[in-house]
Amino acid sequence: MKAQMKDPCRSYSLSGLNSWKVGGSADFFCQPENKEEIFYYLQWAKKQNVPVTFLGGGTNVLISDSGVEGLVIGLQKLNTFKEWEENGRLCISALAGVSKARIMQIFLRHKLPPALFLCGLPGDVGGGVVMNAGVGQDISPKEFKDIVDWVKVIREDKLILIHHEGIQWEYRSSKGWSPGLIYEVGMSWPIDPSQDVPERLKEMALKRTQSQPLQSASCGSVFKNPSTGEKSGALIEQCGLKEYQIGQACISKKHANFIVNMGGATAMDIHRLIQHVQKTVKEKFNILLEPEVKHIGRWNQN
Ligand SMILES: Cc1cc2nc3c(=O)[nH]c(=O)nc-3n(C[C@H](O)[C@H](O)[C@H](O)COP(=O)(O)OP(=O)(O)OC[C@H]3O[C@@H](n4cnc5c(N)ncnc54)[C@H](O)[C@@H]3O)c2cc1C
């Protein structure tokens, strides 16, 4: 007999589910473990006539202090994956909530180069595709676009297979799969081991530790680099904004494109700091920095 599906829980705090450690509660929250449960919760939200928001690792979102309207579907329990070899390639399929670190370990065990760009990338596989997450360094592969073969997307009551070519891959975003939930991701790379992968991985990890404030709560780089070639961090630094603080939100001394939570920051502190940086950089360089982080929840009421 099929187990009875539970309704989502009410008023669930999201501050523990994002890397800035801020934000209010979801009106309703659930953590499905398989696609049947996702279909059930999507149907539930439709019946209640409430909006749905997806939350992966929460490492690229700014959640409003006033919380999130409707149903938040947390993807953390979609955490199974498979690996196999086919036509000389290492293939991995992973549900959306599998961490990038887990995928990195698989490639590292085979001494394959995708381990390098995945090294130190927080969050989950689904969020990695949404953001086309990657590194700025000139390495191959360098972002999700380079390793993803297909995604399976849940759209209303359907599971849709979309191949790599059907996705428009852009700098820190992807299109062509939405609307919907990225449920499963298929990745592969030729089995051509490089003995120096473990050593290079250590160097990449060290570089991150030296250049990023990894001890503090943050969302990584807040702004995308402008298309004109400048680095957002350098522009912010040249405005003298390192260590500039609003409430308990502060521009990192180590990396000017990081905003860190000094302990008791609110989402609004961070939001105001983002706006201040945009205004200051626009005035000095006539460049409007575009946030990489996604605002989630009731921002229009603030
Ligand atoms: C210390 C630190 C360092 C970082 N360094 C880098 C870096 O070097 N390069 C880089 O690219 N990023 C970096 N990031 C940012 C972040 O880790 C990536 O953008 C990551 O891919 C986000 O994944 P996530 O699972 O946390 O997504 P979330 O933050 O949970 O979600 C991001 C967006 O995707 C949506 N979403 C999430 N999962 C799904 C899904 N399965 N289906 C549909 N929509 C979904 C959410 O609604 C949201 O809009 C860093 C972050 C931190 C904290």
# chains A, B, ... in the order shown; residues from 1 in each chain; ligands from 1
>>> closest_atom_pairs(of="chain A", to="ligand 1", cutoff="6 Å", atoms="only C-alpha atoms and all ligand atoms", output="JSON lines")
{"residue": "A:Ser19", "atom": "CA", "partner": "ligand 1", "partner_atom_place_in_ligand_line": "53 (C)", "distance": 5.7}
{"residue": "A:Thr53", "atom": "CA", "partner": "ligand 1", "partner_atom_place_in_ligand_line": "47 (O)", "distance": 5.8}
{"residue": "A:Phe54", "atom": "CA", "partner": "ligand 1", "partner_atom_place_in_ligand_line": "47 (O)", "distance": 4.3}
{"residue": "A:Leu55", "atom": "CA", "partner": "ligand 1", "partner_atom_place_in_ligand_line": "30 (O)", "distance": 4.3}
{"residue": "A:Gly56", "atom": "CA", "partner": "ligand 1", "partner_atom_place_in_ligand_line": "30 (O)", "distance": 3.2}
{"residue": "A:Gly57", "atom": "CA", "partner": "ligand 1", "partner_atom_place_in_ligand_line": "26 (O)", "distance": 3.4}
{"residue": "A:Gly58", "atom": "CA", "partner": "ligand 1", "partner_atom_place_in_ligand_line": "30 (O)", "distance": 3.4}
{"residue": "A:Thr59", "atom": "CA", "partner": "ligand 1", "partner_atom_place_in_ligand_line": "26 (O)", "distance": 3.6}
{"residue": "A:Asn60", "atom": "CA", "partner": "ligand 1", "partner_atom_place_in_ligand_line": "29 (O)", "distance": 3.5}
{"residue": "A:Val61", "atom": "CA", "partner": "ligand 1", "partner_atom_place_in_ligand_line": "29 (O)", "distance": 4.6}
{"residue": "A:Ala96", "atom": "CA", "partner": "ligand 1", "partner_atom_place_in_ligand_line": "41 (N)", "distance": 4.9}
{"residue": "A:Leu121", "atom": "CA", "partner": "ligand 1", "partner_atom_place_in_ligand_line": "5 (N)", "distance": 5.2}
{"residue": "A:Pro122", "atom": "CA", "partner": "ligand 1", "partner_atom_place_in_ligand_line": "17 (O)", "distance": 4.2}
{"residue": "A:Gly123", "atom": "CA", "partner": "ligand 1", "partner_atom_place_in_ligand_line": "26 (O)", "distance": 3.6}
{"residue": "A:Asp124", "atom": "CA", "partner": "ligand 1", "partner_atom_place_in_ligand_line": "25 (O)", "distance": 3.7}
{"residue": "A:Gly126", "atom": "CA", "partner": "ligand 1", "partner_atom_place_in_ligand_line": "41 (N)", "distance": 3.8}
{"residue": "A:Gly127", "atom": "CA", "partner": "ligand 1", "partner_atom_place_in_ligand_line": "23 (O)", "distance": 3.6}
{"residue": "A:Gly128", "atom": "CA", "partner": "ligand 1", "partner_atom_place_in_ligand_line": "21 (O)", "distance": 3.5}
{"residue": "A:Val130", "atom": "CA", "partner": "ligand 1", "partner_atom_place_in_ligand_line": "34 (O)", "distance": 5.2}
{"residue": "A:Met131", "atom": "CA", "partner": "ligand 1", "partner_atom_place_in_ligand_line": "19 (O)", "distance": 5.2}
{"residue": "A:Ala133", "atom": "CA", "partner": "ligand 1", "partner_atom_place_in_ligand_line": "11 (O)", "distance": 3.2}
{"residue": "A:Gly134", "atom": "CA", "partner": "ligand 1", "partner_atom_place_in_ligand_line": "11 (O)", "distance": 4.2}
{"residue": "A:Val135", "atom": "CA", "partner": "ligand 1", "partner_atom_place_in_ligand_line": "8 (O)", "distance": 5.0}
{"residue": "A:Leu181", "atom": "CA", "partner": "ligand 1", "partner_atom_place_in_ligand_line": "42 (N)", "distance": 3.8}
{"residue": "A:Ile182", "atom": "CA", "partner": "ligand 1", "partner_atom_place_in_ligand_line": "42 (N)", "distance": 3.8}
{"residue": "A:Tyr183", "atom": "CA", "partner": "ligand 1", "partner_atom_place_in_ligand_line": "41 (N)", "distance": 5.6}
{"residue": "A:Leu214", "atom": "CA", "partner": "ligand 1", "partner_atom_place_in_ligand_line": "1 (C)", "distance": 5.6}
{"residue": "A:Ser218", "atom": "CA", "partner": "ligand 1", "partner_atom_place_in_ligand_line": "53 (C)", "distance": 5.1}
{"residue": "A:Cys219", "atom": "CA", "partner": "ligand 1", "partner_atom_place_in_ligand_line": "53 (C)", "distance": 3.7}
{"residue": "A:Gly220", "atom": "CA", "partner": "ligand 1", "partner_atom_place_in_ligand_line": "52 (C)", "distance": 3.5}
{"residue": "A:Lys294", "atom": "CA", "partner": "ligand 1", "partner_atom_place_in_ligand_line": "49 (O)", "distance": 5.4}
>>> residues_around(residues="A:Lys145", least_positions_apart="3", cutoff="9 Å", atoms="only C-alpha atoms", output="PyMOL selection string")
chain A and resi 129+132-134+141-142+148-149+164+167+169-170+174
>>> residues_around(residues="stretch 200-207 of chain A", least_positions_apart="6", cutoff="12 Å", atoms="only C-alpha atoms", output="short mmCIF file (atom, residue, chain, number, x, y, z; two decimals) with N, CA, C and O atoms, in the first residue's frame")
data_model
loop_
_atom_site.label_atom_id
_atom_site.label_comp_id
_atom_site.auth_asym_id
_atom_site.auth_seq_id
_atom_site.Cartn_x
_atom_site.Cartn_y
_atom_site.Cartn_z
N MET A 104 32.31 16.06 -7.42
CA MET A 104 33.74 16.33 -7.52
C MET A 104 34.54 15.10 -7.08
O MET A 104 35.49 14.69 -7.74
N GLN A 105 34.10 14.47 -5.97
CA GLN A 105 34.83 13.30 -5.46
C GLN A 105 34.85 12.16 -6.47
O GLN A 105 35.84 11.45 -6.60
N PHE A 107 34.71 12.41 -9.83
CA PHE A 107 35.69 12.73 -10.90
C PHE A 107 37.12 12.64 -10.36
O PHE A 107 38.03 12.19 -11.06
N LEU A 108 37.31 13.04 -9.12
CA LEU A 108 38.67 13.00 -8.53
C LEU A 108 39.15 11.56 -8.41
O LEU A 108 40.31 11.26 -8.70
N ARG A 109 38.26 10.66 -8.00
CA ARG A 109 38.64 9.24 -7.87
C ARG A 109 39.15 8.70 -9.20
O ARG A 109 40.04 7.86 -9.24
N LYS A 111 40.60 10.63 -11.42
CA LYS A 111 41.64 11.60 -11.84
C LYS A 111 41.24 12.33 -13.13
O LYS A 111 42.05 12.50 -14.06
N LEU A 112 39.99 12.77 -13.18
CA LEU A 112 39.49 13.46 -14.37
C LEU A 112 39.34 14.96 -14.10
O LEU A 112 38.95 15.37 -12.99
N PRO A 113 39.62 15.80 -15.10
CA PRO A 113 39.68 17.25 -14.89
C PRO A 113 38.40 17.95 -14.41
O PRO A 113 38.53 19.04 -13.83
N PRO A 114 37.16 17.42 -14.62
CA PRO A 114 36.02 18.16 -14.06
C PRO A 114 36.13 18.36 -12.54
O PRO A 114 35.53 19.30 -11.99
N ALA A 115 36.92 17.50 -11.87
CA ALA A 115 37.10 17.66 -10.42
C ALA A 115 37.65 19.05 -10.11
O ALA A 115 37.35 19.63 -9.06
N LEU A 116 38.43 19.61 -11.03
CA LEU A 116 39.13 20.88 -10.74
C LEU A 116 38.17 22.06 -10.63
O LEU A 116 38.24 22.83 -9.68
N PHE A 117 37.25 22.20 -11.59
CA PHE A 117 36.35 23.36 -11.50
C PHE A 117 35.30 23.15 -10.40
O PHE A 117 34.80 24.12 -9.81
N LEU A 118 35.00 21.88 -10.12
CA LEU A 118 34.00 21.61 -9.07
C LEU A 118 34.57 21.80 -7.66
O LEU A 118 33.82 21.96 -6.70
N CYS A 119 35.89 21.84 -7.58
CA CYS A 119 36.55 21.93 -6.27
C CYS A 119 36.17 23.23 -5.56
O CYS A 119 36.43 24.32 -6.07
N GLY A 120 35.54 23.13 -4.42
CA GLY A 120 35.19 24.31 -3.64
C GLY A 120 33.90 24.99 -4.08
O GLY A 120 33.53 26.02 -3.52
N LEU A 121 33.23 24.45 -5.10
CA LEU A 121 31.94 25.04 -5.51
C LEU A 121 30.85 24.54 -4.56
O LEU A 121 30.57 23.35 -4.52
N VAL A 135 34.19 28.36 -12.75
CA VAL A 135 35.29 29.23 -12.30
C VAL A 135 35.73 30.15 -13.43
O VAL A 135 35.50 29.87 -14.61
N GLY A 136 36.38 31.24 -13.04
CA GLY A 136 36.85 32.21 -14.03
C GLY A 136 38.14 31.78 -14.70
O GLY A 136 38.47 32.22 -15.79
N GLN A 137 38.89 30.87 -14.04
CA GLN A 137 40.20 30.48 -14.57
C GLN A 137 40.08 29.83 -15.95
O GLN A 137 39.05 29.25 -16.28
N ILE A 139 40.55 27.06 -17.56
CA ILE A 139 40.79 25.62 -17.54
C ILE A 139 39.66 24.94 -18.31
O ILE A 139 38.63 25.55 -18.55
N SER A 194 44.34 12.12 -15.77
CA SER A 194 45.56 12.92 -15.69
C SER A 194 46.11 12.75 -14.28
O SER A 194 45.41 13.05 -13.30
N PRO A 213 36.79 34.73 1.78
CA PRO A 213 36.52 34.66 3.22
C PRO A 213 35.67 33.44 3.58
O PRO A 213 34.50 33.58 3.93
N LEU A 214 36.26 32.26 3.47
CA LEU A 214 35.47 31.04 3.60
C LEU A 214 35.03 30.73 5.03
O LEU A 214 34.19 29.87 5.26
#
>>> closest_atom_pairs(of="stretch 13-33 of chain A", to="stretch 245-251 of chain A", cutoff="12 Å", atoms="only C-alpha atoms", output="JSON lines")
{"residue": "A:Trp20", "atom": "CA", "partner": "A:Ala249", "partner_atom": "CA", "distance": 9.8}
{"residue": "A:Lys21", "atom": "CA", "partner": "A:Ala249", "partner_atom": "CA", "distance": 11.5}
{"residue": "A:Val22", "atom": "CA", "partner": "A:Ala249", "partner_atom": "CA", "distance": 10.7}
>>> write_last_selection(atoms="all heavy atoms", output="PDB file, in the first residue's frame")
ATOM      1  N   TRP A  20      24.006  32.562   3.678  1.00  0.00           N
ATOM      2  CA  TRP A  20      24.115  33.856   4.345  1.00  0.00           C
ATOM      3  C   TRP A  20      23.507  33.796   5.748  1.00  0.00           C
ATOM      4  O   TRP A  20      23.640  34.717   6.534  1.00  0.00           O
ATOM      5  CB  TRP A  20      23.424  34.953   3.524  1.00  0.00           C
ATOM      6  CG  TRP A  20      24.355  35.882   2.823  1.00  0.00           C
ATOM      7  CD1 TRP A  20      25.558  36.351   3.288  1.00  0.00           C
ATOM      8  CD2 TRP A  20      24.161  36.486   1.532  1.00  0.00           C
ATOM      9  NE1 TRP A  20      26.123  37.205   2.368  1.00  0.00           N
ATOM     10  CE2 TRP A  20      25.282  37.300   1.282  1.00  0.00           C
ATOM     11  CE3 TRP A  20      23.151  36.418   0.579  1.00  0.00           C
ATOM     12  CZ2 TRP A  20      25.430  38.046   0.122  1.00  0.00           C
ATOM     13  CZ3 TRP A  20      23.299  37.146  -0.586  1.00  0.00           C
ATOM     14  CH2 TRP A  20      24.423  37.959  -0.813  1.00  0.00           C
ATOM     15  N   LYS A  21      22.740  32.727   6.010  1.00  0.00           N
ATOM     16  CA  LYS A  21      22.105  32.517   7.326  1.00  0.00           C
ATOM     17  C   LYS A  21      21.148  33.661   7.689  1.00  0.00           C
ATOM     18  O   LYS A  21      21.180  34.184   8.807  1.00  0.00           O
ATOM     19  CB  LYS A  21      23.161  32.361   8.448  1.00  0.00           C
ATOM     20  CG  LYS A  21      24.200  31.295   8.162  1.00  0.00           C
ATOM     21  CD  LYS A  21      23.592  29.914   8.267  1.00  0.00           C
ATOM     22  CE  LYS A  21      24.534  28.817   7.833  1.00  0.00           C
ATOM     23  NZ  LYS A  21      23.888  27.673   7.227  1.00  0.00           N
ATOM     24  N   VAL A  22      20.375  34.110   6.704  1.00  0.00           N
ATOM     25  CA  VAL A  22      19.417  35.204   6.940  1.00  0.00           C
ATOM     26  C   VAL A  22      18.054  34.809   6.368  1.00  0.00           C
ATOM     27  O   VAL A  22      17.911  33.778   5.713  1.00  0.00           O
ATOM     28  CB  VAL A  22      19.876  36.528   6.266  1.00  0.00           C
ATOM     29  CG1 VAL A  22      21.193  37.015   6.862  1.00  0.00           C
ATOM     30  CG2 VAL A  22      19.980  36.371   4.752  1.00  0.00           C
TER      31      VAL A  22
END
>>> atom_distance(atom1="atom CA of A:Val281", atom2="atom CA of A:His255")
15.8 Å
>>> select_by_dssp(residues="stretch 48-279 of chain A", states="strand (DSSP E or B)", output="JSON, numbers by chain")
{"A": [52, 53, 54, 55, 61, 62, 63, 68, 69, 70, 71, 72, 73, 74, 81, 82, 83, 84, 85, 86, 89, 90, 91, 92, 93, 94, 95, 99, 124, 134, 143, 148, 149, 150, 151, 152, 153, 154, 155, 158, 159, 160, 161, 162, 163, 168, 169, 170, 173, 174, 175, 181, 182, 183, 184, 185, 186, 187, 188, 189, 190, 217, 221, 223, 245, 246, 249, 250, 251, 258, 259, 260, 261]}
>>> select_by_dssp(residues="stretch 57-265 of chain A", states="alpha helix (DSSP H)", output="NGL selection string")
:A and (100-109 or 114-118 or 125-131 or 197-211 or 232-238)
>>> closest_residue(among="A:Glu156, A:Glu83, A:Glu243, A:Asp27", to="A:Met187", atoms="only C-alpha atoms")
A:Glu83
>>> closest_residue(among="A:Gly263, A:Pro291, A:Gly23, A:Gly186", to="A:Ser93", atoms="only C-alpha atoms")
A:Gly186
>>> atom_distance(atom1="atom CA of A:Leu78", atom2="atom CA of A:Pro8")
16.3 Å
>>> atom_distance(atom1="atom CA of A:Val125", atom2="atom CA of A:Lys100")
5.5 Å
>>> residues_around(residues="A:Leu90", least_positions_apart="5", cutoff="8 Å", atoms="only C-alpha atoms", output="PyMOL selection string")
chain A and resi 83-85+188-191
>>> write_last_selection(atoms="N, CA and C atoms", output="short mmCIF file (atom, residue, chain, number, x, y, z; two decimals), in the first residue's frame")
data_model
loop_
_atom_site.label_atom_id
_atom_site.label_comp_id
_atom_site.auth_asym_id
_atom_site.auth_seq_id
_atom_site.Cartn_x
_atom_site.Cartn_y
_atom_site.Cartn_z
N GLU A 83 26.75 6.14 -11.14
CA GLU A 83 27.88 6.36 -12.06
C GLU A 83 28.14 5.07 -12.83
N TRP A 84 28.54 5.20 -14.09
CA TRP A 84 28.84 4.05 -14.92
C TRP A 84 29.76 4.48 -16.06
N GLU A 85 30.30 3.49 -16.78
CA GLU A 85 31.18 3.82 -17.91
C GLU A 85 30.49 3.41 -19.20
N SER A 188 28.92 13.78 -18.14
CA SER A 188 29.94 12.79 -18.52
C SER A 188 31.23 13.47 -18.91
N TRP A 189 32.31 12.67 -18.96
CA TRP A 189 33.62 13.17 -19.38
C TRP A 189 34.45 11.98 -19.88
N PRO A 190 35.27 12.17 -20.93
CA PRO A 190 36.09 11.04 -21.43
C PRO A 190 37.00 10.48 -20.33
N ILE A 191 37.10 9.14 -20.31
CA ILE A 191 37.97 8.51 -19.31
C ILE A 191 39.41 8.58 -19.83
#
>>> closest_residue(among="A:Lys82, A:Pro198, A:Tyr41, A:Cys30", to="A:Arg102", atoms="only C-alpha atoms")
A:Lys82
>>> residues_around(residues="A:Lys152", least_positions_apart="6", cutoff="8 Å", atoms="only C-alpha atoms", output="PyMOL selection string")
chain A and resi 159-162+182-185
>>> write_last_selection(atoms="N, CA and C atoms", output="compact mmCIF listing (two decimals), in the first residue's frame")
# COMPACT_ATOMS: atom_id res chain seq x y z
N LEU A 159 7.48 14.84 -16.73
CA LEU A 159 8.94 14.79 -16.59
C LEU A 159 9.51 14.88 -18.01
N ILE A 160 10.26 15.96 -18.28
CA ILE A 160 10.69 16.23 -19.66
C ILE A 160 12.21 16.10 -19.76
N LEU A 161 12.67 15.37 -20.78
CA LEU A 161 14.11 15.23 -21.01
C LEU A 161 14.58 16.33 -21.95
N ILE A 162 15.59 17.09 -21.53
CA ILE A 162 16.13 18.14 -22.39
C ILE A 162 17.63 17.89 -22.57
N ILE A 182 14.49 21.48 -12.17
CA ILE A 182 15.50 20.54 -12.66
C ILE A 182 15.56 19.41 -11.66
N TYR A 183 15.11 18.21 -12.10
CA TYR A 183 14.97 17.08 -11.19
C TYR A 183 16.22 16.20 -11.19
N GLU A 184 16.77 16.00 -12.40
CA GLU A 184 17.92 15.09 -12.52
C GLU A 184 18.88 15.64 -13.57
N VAL A 185 20.16 15.40 -13.37
CA VAL A 185 21.18 15.94 -14.28
C VAL A 185 22.10 14.81 -14.73
>>> residues_around(residues="A:Leu289", least_positions_apart="4", cutoff="12 Å", atoms="only C-alpha atoms", output="ChimeraX atom specification")
/A:221-228,230-236,257,274-285,293
>>> write_last_selection(atoms="N, CA, C and O atoms", output="CSV table (one decimal), in the first residue's frame")
chain,number,residue,atom,x,y,z
A,221,SER,N,30.5,35.2,-4.8
A,221,SER,CA,30.5,36.5,-5.5
A,221,SER,C,29.1,37.0,-5.6
A,221,SER,O,28.2,36.3,-6.1
A,222,VAL,N,28.9,38.3,-5.2
A,222,VAL,CA,27.5,38.9,-5.2
A,222,VAL,C,27.1,39.3,-6.6
A,222,VAL,O,26.0,39.2,-7.0
A,223,PHE,N,28.1,39.9,-7.3
A,223,PHE,CA,27.8,40.5,-8.6
A,223,PHE,C,28.5,39.7,-9.7
A,223,PHE,O,29.6,39.2,-9.6
A,224,LYS,N,27.9,39.6,-10.9
A,224,LYS,CA,28.5,39.1,-12.1
A,224,LYS,C,29.6,40.0,-12.5
A,224,LYS,O,29.5,41.3,-12.3
A,225,ASN,N,30.6,39.5,-13.2
A,225,ASN,CA,31.6,40.5,-13.8
A,225,ASN,C,30.9,41.1,-15.0
A,225,ASN,O,30.2,40.5,-15.8
A,226,PRO,N,31.2,42.4,-15.3
A,226,PRO,CA,30.5,43.1,-16.4
A,226,PRO,C,31.0,42.5,-17.7
A,226,PRO,O,32.1,42.0,-17.8
A,227,SER,N,30.2,42.6,-18.8
A,227,SER,CA,30.5,42.0,-20.1
A,227,SER,C,31.7,42.8,-20.7
A,227,SER,O,32.3,42.3,-21.7
A,228,THR,N,32.0,44.0,-20.2
A,228,THR,CA,33.1,44.8,-20.8
A,228,THR,C,34.5,44.3,-20.3
A,228,THR,O,35.5,44.8,-20.8
A,230,GLU,N,35.8,44.0,-17.1
A,230,GLU,CA,36.4,44.3,-15.8
A,230,GLU,C,35.9,43.2,-14.8
A,230,GLU,O,35.0,42.5,-15.1
A,231,LYS,N,36.6,43.2,-13.7
A,231,LYS,CA,36.2,42.3,-12.6
A,231,LYS,C,35.4,43.1,-11.6
A,231,LYS,O,35.9,44.2,-11.1
A,232,SER,N,34.3,42.6,-11.2
A,232,SER,CA,33.4,43.4,-10.2
A,232,SER,C,34.2,43.6,-8.9
A,232,SER,O,34.1,44.7,-8.4
A,233,GLY,N,34.9,42.6,-8.4
A,233,GLY,CA,35.7,42.8,-7.2
A,233,GLY,C,36.6,43.9,-7.3
A,233,GLY,O,36.8,44.7,-6.3
A,234,ALA,N,37.3,44.0,-8.4
A,234,ALA,CA,38.3,45.1,-8.6
A,234,ALA,C,37.7,46.5,-8.6
A,234,ALA,O,38.1,47.4,-8.0
A,235,LEU,N,36.5,46.6,-9.3
A,235,LEU,CA,35.8,47.9,-9.3
A,235,LEU,C,35.3,48.3,-7.9
A,235,LEU,O,35.5,49.4,-7.5
A,236,ILE,N,34.8,47.3,-7.2
A,236,ILE,CA,34.3,47.6,-5.8
A,236,ILE,C,35.5,48.1,-4.9
A,236,ILE,O,35.4,49.0,-4.2
A,257,ASN,N,34.2,41.3,-3.8
A,257,ASN,CA,32.9,40.9,-4.4
A,257,ASN,C,32.1,40.0,-3.4
A,257,ASN,O,31.0,39.5,-3.8
A,274,ILE,N,24.1,45.9,-1.1
A,274,ILE,CA,24.1,45.6,-2.6
A,274,ILE,C,23.8,46.9,-3.3
A,274,ILE,O,24.5,47.3,-4.3
A,275,GLN,N,22.7,47.5,-2.9
A,275,GLN,CA,22.3,48.8,-3.6
A,275,GLN,C,23.4,49.9,-3.4
A,275,GLN,O,23.6,50.6,-4.4
A,276,HIS,N,24.0,50.0,-2.3
A,276,HIS,CA,25.0,51.0,-2.1
A,276,HIS,C,26.2,50.7,-3.0
A,276,HIS,O,26.8,51.7,-3.6
A,277,VAL,N,26.6,49.5,-3.2
A,277,VAL,CA,27.7,49.1,-4.1
A,277,VAL,C,27.4,49.5,-5.5
A,277,VAL,O,28.1,50.1,-6.2
A,278,GLN,N,26.1,49.1,-5.9
A,278,GLN,CA,25.7,49.4,-7.3
A,278,GLN,C,25.8,50.9,-7.5
A,278,GLN,O,26.3,51.4,-8.6
A,279,LYS,N,25.3,51.7,-6.6
A,279,LYS,CA,25.2,53.2,-6.7
A,279,LYS,C,26.6,53.8,-6.8
A,279,LYS,O,26.9,54.6,-7.7
A,280,THR,N,27.5,53.3,-5.9
A,280,THR,CA,28.9,53.8,-5.8
A,280,THR,C,29.7,53.5,-7.1
A,280,THR,O,30.3,54.4,-7.7
A,281,VAL,N,29.6,52.2,-7.6
A,281,VAL,CA,30.3,51.8,-8.8
A,281,VAL,C,29.8,52.5,-10.0
A,281,VAL,O,30.5,53.0,-10.9
A,282,LYS,N,28.4,52.7,-10.0
A,282,LYS,CA,27.8,53.4,-11.2
A,282,LYS,C,28.3,54.9,-11.3
A,282,LYS,O,28.7,55.4,-12.3
A,283,GLU,N,28.4,55.5,-10.1
A,283,GLU,CA,28.8,56.9,-10.1
A,283,GLU,C,30.3,57.1,-10.5
A,283,GLU,O,30.7,58.0,-11.2
A,284,LYS,N,31.1,56.1,-10.1
A,284,LYS,CA,32.6,56.2,-10.4
A,284,LYS,C,32.9,55.7,-11.8
A,284,LYS,O,33.7,56.3,-12.4
A,285,PHE,N,32.3,54.6,-12.2
A,285,PHE,CA,32.8,54.0,-13.4
A,285,PHE,C,31.7,54.0,-14.5
A,285,PHE,O,31.9,53.5,-15.6
A,293,VAL,N,23.5,36.8,-7.3
A,293,VAL,CA,22.6,36.2,-6.3
A,293,VAL,C,21.1,36.5,-6.7
A,293,VAL,O,20.8,37.6,-7.2
